[in-house]
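Input: a single structure, listed below in structure tokens.
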Amino acid sequence: MKFHEMEIKQVEKALETDFSSGLSTEEVKRRLAQHGHNELDEGEKQSALLLFFSQFKDFMVLVLLAATLISGLLGEYIDAIAIIAIVIINGFLGFFQERKAEKSLQALKELSAPQVSALRDGQWLKIPSKEIVIGDILKFTSGDRIGADVRIIESKSLEIEESALTGESVPVSKSIDALQTVNPGIGDMENIGFMGTMITRGSGAGVVIATGMKTAMGQIADLLQNAESQETPLQRRLEQLGKILITVALLLTVLVVVIGVFQGHKLYEMFLAGVSLAVAAIPEGLPAIVTVALSLGVQKMIKKNAIVRKIQAVETLGCASVICSDKTGTMTQNKMTVTHLWSGGHTWTVDGVGYQPQGTFYRNEKTVHPKDEKALQQMLIFGMLCNHSDLVMNEEENILDGDPTEGALLVSAMKAGFDRPALLKEFTVINEFPFDSARKMMSMHVKDKNGRHFIVTKGAPDVILGNCESILWEEKTQYLGKEIQNKVQDAINGLAAKALRTIAIAFKPVPANTVILSEHEAEKKLTFIGVQGMIDPPRPEVKEAVKECKEAGIKTVMITGDHVITAKAIASQLGILTSKSKVLDGKALADMSVGDLENVVEDVSVFARVSPEHKLKIVKALQNKGHVVAMTGDGVNDAPAIKAADIGVAMGITGTDVAKEASALVLLDDNFATIKAAIKEGRNIYENIRKFVRYLLASNVGEILVMLFAMILGLPLPLVPIQILWVNLVTDGLPAMALGLDRPEENVMKRKPRSPNEGVFSRGLGWKVVSRGFLIGLVTLLSFMIVYQNDSSRLEYAQTIAFATLVMAQLIHVFDCRSEKSVLSRNPLGNQYLVWAVISSLLLVLVVIYYPPLQPVFHTLPILAKDWLLILGLSSIPTFLLAGSFLLRKTK
């Protein structure tokens, strides 16, 4: 039998403790030696030095270092220094990110209470929380944080806020009674207090049943330690690309050298040319462009209320196929709001947002003034009077001081124009009977300005109804017969079916000068006034965000600790739950393995009453089905799943430090809609990276093929090594960087997410690289052959023509790379950065052709005006020939 199923005496016996005197000092020492200190284990830490050097094990980094060595050997010291700088900067970024992540467990530890009140040897002592042992008796009151998991043995209006574990902000009433529920979730354990949770009301005592890593918080810490961070799709694709490029570069280099030597060229000359081609084939600028593109994405996200903690996060979110989102505070406002009121057979609705005390009341869809409706007016006044909450009015946002449920009643009355300070001038509170989880109600004895005395009561509708003998019906007090009682119950059930939390209001007049000594005496023979129904409403902008995500092929899944009815209602309002969707609760999840869940997980849109282990199970099941999963949340309970997901998104306002430290992206406005902007940005970044890869590799293929074709045909070298390196430097730099700044295409949010297994060369990119590269190489060789055959004595001039043709072909081709379709499908001037980059690159080429001091260095000669017609005509062919074929296909 588990502790929550036991009666108090059984718990005392099972733990071998004494509730009246606590544990003895000797017994505490023995248990401390047996179970250890009440602390969360941080696991083994990797040294800072090893962590730093581990950043340089990536395959692409090793390729870059090889390129650095080659560039250095060729005297390209500026290139070498630039590459080394990029590698080191990336290493430091990864190091600091991982060191930051280690703080997530430290943030968990800080949730533990530093000191607690424990009963030892018959005396109450203040002890450090780490010295708590199983069997200790702890007492706590409002504002205290519980230091370990306890079984409640005393409760005086005790309420505990457990959002750090459950994600739900409404405090939970605690009792001492044994639970009859089989395998209840954390949110349903009404007789258990958990480590790290906060007492918001009342006082109580409990006996410690678990400490350290055995607590619910400790289990989360264990999940957090064992949850593996996912490598991003971009990292996987770049590693794949790096392997392809190094293999191709080495094979082609060897091939060019062997053929060149076989054709009679000098070994040294061919070796130098081959190494130059190898440097050209490896896009050493790739990580720099990727880093710049991601960094710019990060800057854009900050302007859109999101902080990227891991630079790859934006790109990863761009390929997410499922967003697992917590409900409370993420999709909803985390502000309980009254939306429906019922009294005497009539229903009113009231609009308004959050804690803004402005709203309109409606009855039968017609606007009404509450002060003209006696029953409604009385219900609102008594709901405000029997209340301890207060609204702190600010210019930016009103803040509730008090219980969220009482806050909802307060704001609903304020919407009707009532003011609590003014009300307290009309009514004097004589006595109060606080809320108690056993009674499920609270009452006040008040006197109005006319000297009339009343008992005002609010609480659970079924309990209040059972204590009433009359009802306010059609603004008259009537006997509460069976028929009317059934109508009241139907109204309550109707509000509950809308996922509304219901609070009933009742009263009774009492003779003046009556002294009421007990709640039992006060709370009988009441007159039922009505019921207020409240809910934590959805954020207005979330519905549209969910819709846009759906259009983008991204499924939104709600994961919440709240009740199934509430979760279904909110999910339906937001368009998450459809007629084809399924709902799973925590009990069903507990009985499933990850394998079982995989069979149904793609059909489920709502998971309700879940625990931290369940969230992790859901993420793993979706990942096993091939999805890229984004997990949003704010509580400690979300942290393991946030860390295990492909990308974790934490809330910046309500989020715990644990959730933030485990995440890759933090939303400053706690708004689900902000994720939509991140998705768009992420998709565009990946597309821009594809554009850069397409442009760079097609150019590099052209460079290699012009040399290879020349060797096969037995021609002289059409390009000398220094020209190859200059082309590589000029075309890899500014134009490629400008492609990383390209704006998204119009249909970027209308496409389905790319598969996480999609290669960089998918969707026809490989064909585009090879075909454009082949044509670039071909026209460059043609320009060389035309000039060389006319005058074989002018080899250097023919090489200059080939050099200019190659550069111009690449600079024209860069505009073609802006679209998946054709160069003609987008405005070529739409990217101003690219226009200026191309102009700059062209100037750099013209300088080495026409500036006399540089001509001997680059083996160039001034090009005649008539030969520029040949150069421009041939260099346009790779781009516009294929653009013409696209137009023909489109016309057909």
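By order in the structure tokens, chains are A, B, ...; within a chain, residues start at 1; ligands start at 1, following the order shown.
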
Could I get the residues of stretch 295-372 of chain A with an atom no further than 12 Å from an atom of stretch 480-493 of chain A, each paired with its nearest atom pair and that distance in Å to one decimal, using only C-alpha atoms, sorted by chain and residue number, as CSV?
residue,atom,partner,partner_atom,distance
A:His340,CA,A:Ile492,CA,10.8
A:Leu341,CA,A:Ala491,CA,9.9
A:Trp342,CA,A:Ala491,CA,7.4
A:Ser343,CA,A:Val488,CA,8.6
A:Gly344,CA,A:Val488,CA,8.2
A:Gly345,CA,A:Lys487,CA,7.8
A:His346,CA,A:Ala491,CA,9.4
A:Thr347,CA,A:Ala491,CA,8.8

Just to be explicit: take each residue in the selection above, keep C-alpha atoms, and write the result as a CSV table (one decimal), in the first residue's frame.
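Contents of the output file selection_27.csv:
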chain,number,residue,atom,x,y,z
A,340,HIS,CA,-20.9,32.7,-17.5
A,341,LEU,CA,-23.3,33.4,-14.6
A,342,TRP,CA,-26.5,31.5,-13.7
A,343,SER,CA,-29.3,32.4,-11.3
A,344,GLY,CA,-32.9,31.6,-11.0
A,345,GLY,CA,-33.2,29.9,-14.4
A,346,HIS,CA,-31.4,32.7,-16.3
A,347,THR,CA,-27.9,32.7,-17.8

Find the residues near A:Leu400: any atom within 10 Å, counting only C-alpha atoms, skip ones fewer than 2 places away on the same chain, and give them as a PyMOL selection string.
chain A and resi 335+355+389-393+397-398+402-404+406-408+410-411

Could you take the residues named above and write them with N, CA, C and O atoms, as an mmCIF file, in the first residue's frame?
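Output contents, as saved in out_28.cif:
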data_model
loop_
_atom_site.group_PDB
_atom_site.id
_atom_site.type_symbol
_atom_site.label_atom_id
_atom_site.label_comp_id
_atom_site.auth_asym_id
_atom_site.auth_seq_id
_atom_site.Cartn_x
_atom_site.Cartn_y
_atom_site.Cartn_z
ATOM 1 N N LYS A 335 -5.041 33.474 -16.395
ATOM 2 C CA LYS A 335 -5.844 34.414 -15.610
ATOM 3 C C LYS A 335 -7.277 33.897 -15.585
ATOM 4 O O LYS A 335 -7.987 33.983 -16.591
ATOM 5 N N TYR A 355 -7.405 40.388 -16.383
ATOM 6 C CA TYR A 355 -7.723 41.140 -15.171
ATOM 7 C C TYR A 355 -8.077 42.598 -15.477
ATOM 8 O O TYR A 355 -7.969 43.456 -14.603
ATOM 9 N N SER A 389 -9.069 38.623 -2.287
ATOM 10 C CA SER A 389 -8.140 39.011 -3.345
ATOM 11 C C SER A 389 -8.182 40.517 -3.571
ATOM 12 O O SER A 389 -9.121 41.206 -3.171
ATOM 13 N N ASP A 390 -7.156 40.996 -4.242
ATOM 14 C CA ASP A 390 -7.077 42.421 -4.542
ATOM 15 C C ASP A 390 -6.432 42.581 -5.916
ATOM 16 O O ASP A 390 -5.608 41.753 -6.324
ATOM 17 N N LEU A 391 -6.825 43.633 -6.625
ATOM 18 C CA LEU A 391 -6.282 43.887 -7.955
ATOM 19 C C LEU A 391 -5.393 45.121 -7.890
ATOM 20 O O LEU A 391 -5.852 46.214 -7.556
ATOM 21 N N VAL A 392 -4.101 44.912 -8.189
ATOM 22 C CA VAL A 392 -3.156 46.025 -8.206
ATOM 23 C C VAL A 392 -3.158 46.603 -9.614
ATOM 24 O O VAL A 392 -2.743 45.945 -10.577
ATOM 25 N N MET A 393 -3.650 47.844 -9.730
ATOM 26 C CA MET A 393 -3.828 48.460 -11.045
ATOM 27 C C MET A 393 -2.530 49.104 -11.505
ATOM 28 O O MET A 393 -1.979 49.971 -10.828
ATOM 29 N N GLU A 397 -0.041 46.452 -16.942
ATOM 30 C CA GLU A 397 -0.849 45.253 -16.740
ATOM 31 C C GLU A 397 -1.300 45.186 -15.284
ATOM 32 O O GLU A 397 -0.520 45.429 -14.374
ATOM 33 N N ASN A 398 -2.582 44.848 -15.086
ATOM 34 C CA ASN A 398 -3.089 44.685 -13.729
ATOM 35 C C ASN A 398 -2.586 43.364 -13.152
ATOM 36 O O ASN A 398 -2.547 42.349 -13.846
ATOM 37 N N GLY A 402 -3.629 37.513 -4.689
ATOM 38 C CA GLY A 402 -4.562 36.607 -4.042
ATOM 39 C C GLY A 402 -4.846 35.381 -4.878
ATOM 40 O O GLY A 402 -4.178 35.112 -5.881
ATOM 41 N N ASP A 403 -5.853 34.630 -4.471
ATOM 42 C CA ASP A 403 -6.228 33.382 -5.121
ATOM 43 C C ASP A 403 -6.848 33.666 -6.495
ATOM 44 O O ASP A 403 -7.698 34.560 -6.627
ATOM 45 N N PRO A 404 -6.472 32.926 -7.557
ATOM 46 C CA PRO A 404 -7.009 33.180 -8.903
ATOM 47 C C PRO A 404 -8.530 33.060 -8.998
ATOM 48 O O PRO A 404 -9.167 33.807 -9.739
ATOM 49 N N GLU A 406 -10.755 33.595 -6.512
ATOM 50 C CA GLU A 406 -11.337 34.787 -5.894
ATOM 51 C C GLU A 406 -11.105 36.011 -6.777
ATOM 52 O O GLU A 406 -11.954 36.910 -6.842
ATOM 53 N N GLY A 407 -9.963 36.034 -7.460
ATOM 54 C CA GLY A 407 -9.675 37.136 -8.368
ATOM 55 C C GLY A 407 -10.688 37.215 -9.496
ATOM 56 O O GLY A 407 -11.099 38.303 -9.915
ATOM 57 N N ALA A 408 -11.104 36.051 -10.011
ATOM 58 C CA ALA A 408 -12.098 36.017 -11.083
ATOM 59 C C ALA A 408 -13.427 36.598 -10.606
ATOM 60 O O ALA A 408 -14.088 37.353 -11.324
ATOM 61 N N LEU A 410 -13.809 38.741 -8.144
ATOM 62 C CA LEU A 410 -13.577 40.162 -7.914
ATOM 63 C C LEU A 410 -13.706 40.956 -9.218
ATOM 64 O O LEU A 410 -14.412 41.971 -9.286
ATOM 65 N N VAL A 411 -13.046 40.471 -10.276
ATOM 66 C CA VAL A 411 -13.045 41.187 -11.553
ATOM 67 C C VAL A 411 -14.432 41.178 -12.193
ATOM 68 O O VAL A 411 -14.853 42.174 -12.790
#

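Using only C-alpha atoms, the nearest neighbour of A:Arg439 within the list A:Gly530, A:Val619, A:Lys156, A:Glu598 is A:Lys156.
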
Within stretch 616-822 of chain A, find each residue whose DSSP state, derived from the backbone, is strand (DSSP E), and express the selection as an MDAnalysis selection string.
chainID A and resid 629:633 647:651 665:667

Take the residues just selected and output them with all heavy atoms as a PDB file, in the first residue's frame.
ATOM      1  N   VAL A 629      10.410  17.424 -33.041  1.00  0.00           N
ATOM      2  CA  VAL A 629       9.490  17.851 -31.991  1.00  0.00           C
ATOM      3  C   VAL A 629       9.976  19.111 -31.291  1.00  0.00           C
ATOM      4  O   VAL A 629      11.110  19.180 -30.826  1.00  0.00           O
ATOM      5  CB  VAL A 629       9.296  16.724 -30.942  1.00  0.00           C
ATOM      6  CG1 VAL A 629       8.289  17.154 -29.883  1.00  0.00           C
ATOM      7  CG2 VAL A 629       8.832  15.448 -31.622  1.00  0.00           C
ATOM      8  N   ALA A 630       9.085  20.100 -31.239  1.00  0.00           N
ATOM      9  CA  ALA A 630       9.316  21.283 -30.410  1.00  0.00           C
ATOM     10  C   ALA A 630       8.453  21.139 -29.170  1.00  0.00           C
ATOM     11  O   ALA A 630       7.274  20.815 -29.269  1.00  0.00           O
ATOM     12  CB  ALA A 630       8.937  22.552 -31.166  1.00  0.00           C
ATOM     13  N   MET A 631       9.039  21.341 -27.996  1.00  0.00           N
ATOM     14  CA  MET A 631       8.303  21.202 -26.735  1.00  0.00           C
ATOM     15  C   MET A 631       8.306  22.544 -26.015  1.00  0.00           C
ATOM     16  O   MET A 631       9.368  23.086 -25.726  1.00  0.00           O
ATOM     17  CB  MET A 631       8.964  20.142 -25.846  1.00  0.00           C
ATOM     18  CG  MET A 631       8.401  20.068 -24.431  1.00  0.00           C
ATOM     19  SD  MET A 631       6.731  19.402 -24.376  1.00  0.00           S
ATOM     20  CE  MET A 631       6.279  19.734 -22.668  1.00  0.00           C
ATOM     21  N   THR A 632       7.124  23.093 -25.773  1.00  0.00           N
ATOM     22  CA  THR A 632       7.045  24.350 -25.039  1.00  0.00           C
ATOM     23  C   THR A 632       6.559  24.093 -23.625  1.00  0.00           C
ATOM     24  O   THR A 632       5.838  23.130 -23.369  1.00  0.00           O
ATOM     25  CB  THR A 632       6.085  25.344 -25.722  1.00  0.00           C
ATOM     26  OG1 THR A 632       4.742  24.929 -25.481  1.00  0.00           O
ATOM     27  CG2 THR A 632       6.329  25.400 -27.213  1.00  0.00           C
ATOM     28  N   GLY A 633       6.943  24.954 -22.701  1.00  0.00           N
ATOM     29  CA  GLY A 633       6.483  24.800 -21.319  1.00  0.00           C
ATOM     30  C   GLY A 633       7.088  25.845 -20.420  1.00  0.00           C
ATOM     31  O   GLY A 633       7.941  26.630 -20.835  1.00  0.00           O
ATOM     32  N   ILE A 647      13.835  20.688 -30.094  1.00  0.00           N
ATOM     33  CA  ILE A 647      14.017  22.069 -29.653  1.00  0.00           C
ATOM     34  C   ILE A 647      13.086  22.340 -28.492  1.00  0.00           C
ATOM     35  O   ILE A 647      11.896  22.046 -28.550  1.00  0.00           O
ATOM     36  CB  ILE A 647      13.776  23.082 -30.787  1.00  0.00           C
ATOM     37  CG1 ILE A 647      13.897  24.510 -30.250  1.00  0.00           C
ATOM     38  CG2 ILE A 647      12.442  22.884 -31.449  1.00  0.00           C
ATOM     39  CD1 ILE A 647      13.991  25.548 -31.312  1.00  0.00           C
ATOM     40  N   GLY A 648      13.653  22.874 -27.414  1.00  0.00           N
ATOM     41  CA  GLY A 648      12.864  23.211 -26.229  1.00  0.00           C
ATOM     42  C   GLY A 648      12.575  24.696 -26.187  1.00  0.00           C
ATOM     43  O   GLY A 648      13.475  25.505 -26.400  1.00  0.00           O
ATOM     44  N   VAL A 649      11.318  25.034 -25.928  1.00  0.00           N
ATOM     45  CA  VAL A 649      10.892  26.429 -25.884  1.00  0.00           C
ATOM     46  C   VAL A 649      10.326  26.722 -24.497  1.00  0.00           C
ATOM     47  O   VAL A 649       9.351  26.089 -24.074  1.00  0.00           O
ATOM     48  CB  VAL A 649       9.817  26.719 -26.959  1.00  0.00           C
ATOM     49  CG1 VAL A 649       9.474  28.204 -26.980  1.00  0.00           C
ATOM     50  CG2 VAL A 649      10.296  26.257 -28.324  1.00  0.00           C
ATOM     51  N   ALA A 650      10.927  27.656 -23.771  1.00  0.00           N
ATOM     52  CA  ALA A 650      10.484  27.991 -22.413  1.00  0.00           C
ATOM     53  C   ALA A 650       9.819  29.363 -22.399  1.00  0.00           C
ATOM     54  O   ALA A 650      10.083  30.213 -23.242  1.00  0.00           O
ATOM     55  CB  ALA A 650      11.672  27.982 -21.446  1.00  0.00           C
ATOM     56  N   MET A 651       8.952  29.543 -21.411  1.00  0.00           N
ATOM     57  CA  MET A 651       8.268  30.819 -21.245  1.00  0.00           C
ATOM     58  C   MET A 651       9.139  31.775 -20.410  1.00  0.00           C
ATOM     59  O   MET A 651       9.660  31.385 -19.372  1.00  0.00           O
ATOM     60  CB  MET A 651       6.921  30.624 -20.549  1.00  0.00           C
ATOM     61  CG  MET A 651       5.981  29.658 -21.272  1.00  0.00           C
ATOM     62  SD  MET A 651       5.561  30.206 -22.938  1.00  0.00           S
ATOM     63  CE  MET A 651       6.370  28.957 -23.924  1.00  0.00           C
ATOM     64  N   LEU A 665      15.113  28.018 -26.731  1.00  0.00           N
ATOM     65  CA  LEU A 665      14.446  29.252 -27.116  1.00  0.00           C
ATOM     66  C   LEU A 665      13.557  29.703 -25.964  1.00  0.00           C
ATOM     67  O   LEU A 665      12.829  28.890 -25.391  1.00  0.00           O
ATOM     68  CB  LEU A 665      13.601  29.017 -28.371  1.00  0.00           C
ATOM     69  CG  LEU A 665      12.988  30.229 -29.068  1.00  0.00           C
ATOM     70  CD1 LEU A 665      14.073  31.038 -29.775  1.00  0.00           C
ATOM     71  CD2 LEU A 665      11.940  29.796 -30.085  1.00  0.00           C
ATOM     72  N   VAL A 666      13.634  30.985 -25.599  1.00  0.00           N
ATOM     73  CA  VAL A 666      12.803  31.529 -24.518  1.00  0.00           C
ATOM     74  C   VAL A 666      11.895  32.616 -25.099  1.00  0.00           C
ATOM     75  O   VAL A 666      12.378  33.547 -25.754  1.00  0.00           O
ATOM     76  CB  VAL A 666      13.675  32.130 -23.387  1.00  0.00           C
ATOM     77  CG1 VAL A 666      12.789  32.730 -22.297  1.00  0.00           C
ATOM     78  CG2 VAL A 666      14.581  31.059 -22.786  1.00  0.00           C
ATOM     79  N   LEU A 667      10.585  32.483 -24.873  1.00  0.00           N
ATOM     80  CA  LEU A 667       9.626  33.464 -25.366  1.00  0.00           C
ATOM     81  C   LEU A 667       9.419  34.545 -24.313  1.00  0.00           C
ATOM     82  O   LEU A 667       8.932  34.265 -23.219  1.00  0.00           O
ATOM     83  CB  LEU A 667       8.282  32.787 -25.692  1.00  0.00           C
ATOM     84  CG  LEU A 667       8.348  31.602 -26.662  1.00  0.00           C
ATOM     85  CD1 LEU A 667       6.938  31.096 -26.948  1.00  0.00           C
ATOM     86  CD2 LEU A 667       9.047  31.975 -27.953  1.00  0.00           C
TER      87      LEU A 667
END

Which of these, A:Val542, A:Ala567, A:Leu705, A:Val314, has the shortest distance to A:Leu778 once you count only C-alpha atoms?
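Closest residue, counting only C-alpha atoms: A:Leu705.
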
All residues 10 Å or closer to stretch 259-264 of chain A, only C-alpha atoms, same chain fewer than 4 positions away omitted, as a VMD selection string:
chain A and resid 254 to 255 268 to 271 273 to 274 707 to 708 710 to 717

Expected file: the selected residues, C-alpha atoms, as a compact mmCIF listing (two decimals), in the first residue's frame:
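File again-v4.txt, as written:
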# COMPACT_ATOMS: atom_id res chain seq x y z
CA VAL A 254 44.00 13.17 -57.79
CA LEU A 255 42.26 12.69 -61.16
CA TYR A 268 54.82 20.48 -59.47
CA GLU A 269 52.55 22.57 -61.70
CA MET A 270 49.76 19.96 -61.58
CA PHE A 271 50.15 19.39 -57.86
CA ALA A 273 46.70 23.23 -59.55
CA GLY A 274 45.20 20.14 -57.87
CA MET A 707 40.27 21.98 -65.49
CA LEU A 708 39.30 18.32 -65.90
CA ALA A 710 41.08 20.71 -70.44
CA MET A 711 43.28 17.87 -69.15
CA ILE A 712 41.25 15.25 -70.98
CA LEU A 713 41.39 17.26 -74.24
CA GLY A 714 45.13 17.77 -73.85
CA LEU A 715 44.81 21.56 -73.65
CA PRO A 716 46.99 23.91 -71.59
CA LEU A 717 45.69 24.90 -68.15

Spatial neighbours of A:Asn688, 7 Å, only C-alpha atoms, chain gap at least 2 places, as a compact mmCIF listing (two decimals) with C-alpha atoms, in the first residue's frame:
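Output below, filename around_18.txt:
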# COMPACT_ATOMS: atom_id res chain seq x y z
CA ASN A 684 13.86 30.89 -44.38
CA ILE A 685 17.29 30.43 -42.81
CA TYR A 686 17.47 26.83 -44.01
CA ARG A 690 20.45 25.77 -49.42
CA LYS A 691 20.74 28.75 -51.79
CA PHE A 692 24.30 29.34 -50.63
CA LEU A 739 22.23 35.05 -50.19
CA GLY A 740 22.12 34.37 -46.46
CA ASP A 742 17.59 36.87 -48.68

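For the set A:Thr181, A:Pro721, A:Leu267, A:Val353, the residue with the smallest atom-to-atom gap to A:Pro540 is A:Val353, counting only C-alpha atoms.
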
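The coordinates place atom CA of A:Pro171 at 10.1 Å from atom CA of A:Thr197.
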
Please list as number ranges by chain every residue within 10 Å of A:Lys425, counting only C-alpha atoms and excluding residues in the same chain fewer than 5 positions away.
A: 420, 448-449

Which residues are close to stretch 764-769 of chain A, i.e. within 9 Å by only C-alpha atoms, leaving aside same-chain residues fewer than 4 positions away? Reply as a PyMOL selection string.
chain A and resi 690+693-699+701+760+773-774+820

Write the selection just made, keeping N, CA, C and O atoms, as a compact mmCIF listing (two decimals), in the first residue's frame?
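Dumped everything to selection_3.txt:
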# COMPACT_ATOMS: atom_id res chain seq x y z
N ARG A 690 20.51 26.58 -48.20
CA ARG A 690 20.45 25.77 -49.42
C ARG A 690 20.83 26.61 -50.66
O ARG A 690 21.51 26.13 -51.56
N VAL A 693 24.59 26.94 -50.61
CA VAL A 693 25.23 25.67 -51.00
C VAL A 693 25.08 25.45 -52.50
O VAL A 693 26.04 25.05 -53.19
N ARG A 694 23.89 25.71 -53.00
CA ARG A 694 23.64 25.55 -54.44
C ARG A 694 24.56 26.43 -55.26
O ARG A 694 25.19 25.98 -56.24
N TYR A 695 24.65 27.68 -54.87
CA TYR A 695 25.49 28.62 -55.61
C TYR A 695 26.96 28.25 -55.53
O TYR A 695 27.67 28.18 -56.54
N LEU A 696 27.42 28.00 -54.33
CA LEU A 696 28.84 27.76 -54.13
C LEU A 696 29.31 26.48 -54.80
O LEU A 696 30.33 26.45 -55.49
N LEU A 697 28.52 25.40 -54.64
CA LEU A 697 28.95 24.11 -55.19
C LEU A 697 28.86 24.08 -56.70
O LEU A 697 29.70 23.48 -57.37
N ALA A 698 27.82 24.74 -57.27
CA ALA A 698 27.73 24.80 -58.73
C ALA A 698 28.95 25.54 -59.29
O ALA A 698 29.54 25.14 -60.31
N SER A 699 29.34 26.60 -58.59
CA SER A 699 30.52 27.36 -59.00
C SER A 699 31.78 26.50 -58.90
O SER A 699 32.62 26.48 -59.82
N VAL A 701 31.95 23.20 -58.87
CA VAL A 701 31.89 22.13 -59.88
C VAL A 701 32.37 22.66 -61.21
O VAL A 701 33.13 22.00 -61.95
N VAL A 760 20.85 17.60 -47.88
CA VAL A 760 21.03 18.95 -48.39
C VAL A 760 20.73 19.01 -49.88
O VAL A 760 20.23 20.01 -50.40
N GLY A 773 26.74 23.62 -62.78
CA GLY A 773 28.19 23.50 -62.70
C GLY A 773 28.79 23.01 -64.00
O GLY A 773 29.84 23.52 -64.46
N PHE A 774 28.11 22.04 -64.64
CA PHE A 774 28.58 21.51 -65.93
C PHE A 774 28.59 22.61 -66.99
O PHE A 774 29.55 22.78 -67.74
N GLU A 820 13.64 28.52 -56.01
CA GLU A 820 13.60 27.09 -56.33
C GLU A 820 13.18 26.88 -57.77
O GLU A 820 13.39 25.82 -58.34

Could you pull out the alpha helix (DSSP H) residues of stretch 592-664 of chain A, going by DSSP on the backbone, and write them as a VMD selection string?
chain A and resid 594 to 600 612 to 624 639 to 644 657 to 662

Ranking A:Pro537, A:Pro878, A:Gly561, A:Gly297 by minimum distance to A:Leu574 and counting only C-alpha atoms, which one comes first?
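That would be A:Pro537, the residue with the smallest distance to A:Leu574.
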
Could you name the residues that touch A:Ser875 at 7 Å or less, counting only C-alpha atoms, but leaving out those on the same chain fewer than 2 positions away, as a list in words?
Val779, Thr805, Met808, Ala809, Ile871, Leu872, Gly873, Ile877 and Pro878 of chain A

Would you save the residues of that selection, restricted to N, CA and C atoms, as a short mmCIF file (atom, residue, chain, number, x, y, z; two decimals), in the first residue's frame?
data_model
loop_
_atom_site.label_atom_id
_atom_site.label_comp_id
_atom_site.auth_asym_id
_atom_site.auth_seq_id
_atom_site.Cartn_x
_atom_site.Cartn_y
_atom_site.Cartn_z
N VAL A 779 31.07 26.57 -70.64
CA VAL A 779 31.21 27.89 -71.29
C VAL A 779 32.56 28.52 -70.99
N THR A 805 35.19 34.90 -67.75
CA THR A 805 33.95 34.17 -68.07
C THR A 805 33.47 33.36 -66.87
N MET A 808 31.99 35.83 -64.26
CA MET A 808 30.71 36.40 -64.70
C MET A 808 29.60 35.33 -64.69
N ALA A 809 29.93 34.12 -65.10
CA ALA A 809 28.93 33.04 -65.08
C ALA A 809 28.44 32.79 -63.66
N ILE A 871 32.40 37.13 -73.59
CA ILE A 871 32.35 36.74 -72.17
C ILE A 871 30.93 36.79 -71.64
N LEU A 872 30.23 37.91 -71.86
CA LEU A 872 28.87 38.09 -71.33
C LEU A 872 27.88 37.14 -71.99
N GLY A 873 28.05 36.90 -73.30
CA GLY A 873 27.15 35.99 -74.00
C GLY A 873 27.27 34.57 -73.47
N ILE A 877 24.66 31.86 -70.57
CA ILE A 877 24.02 30.61 -71.01
C ILE A 877 23.59 29.70 -69.84
N PRO A 878 24.47 29.41 -68.82
CA PRO A 878 24.05 28.47 -67.76
C PRO A 878 22.78 28.88 -67.05
#
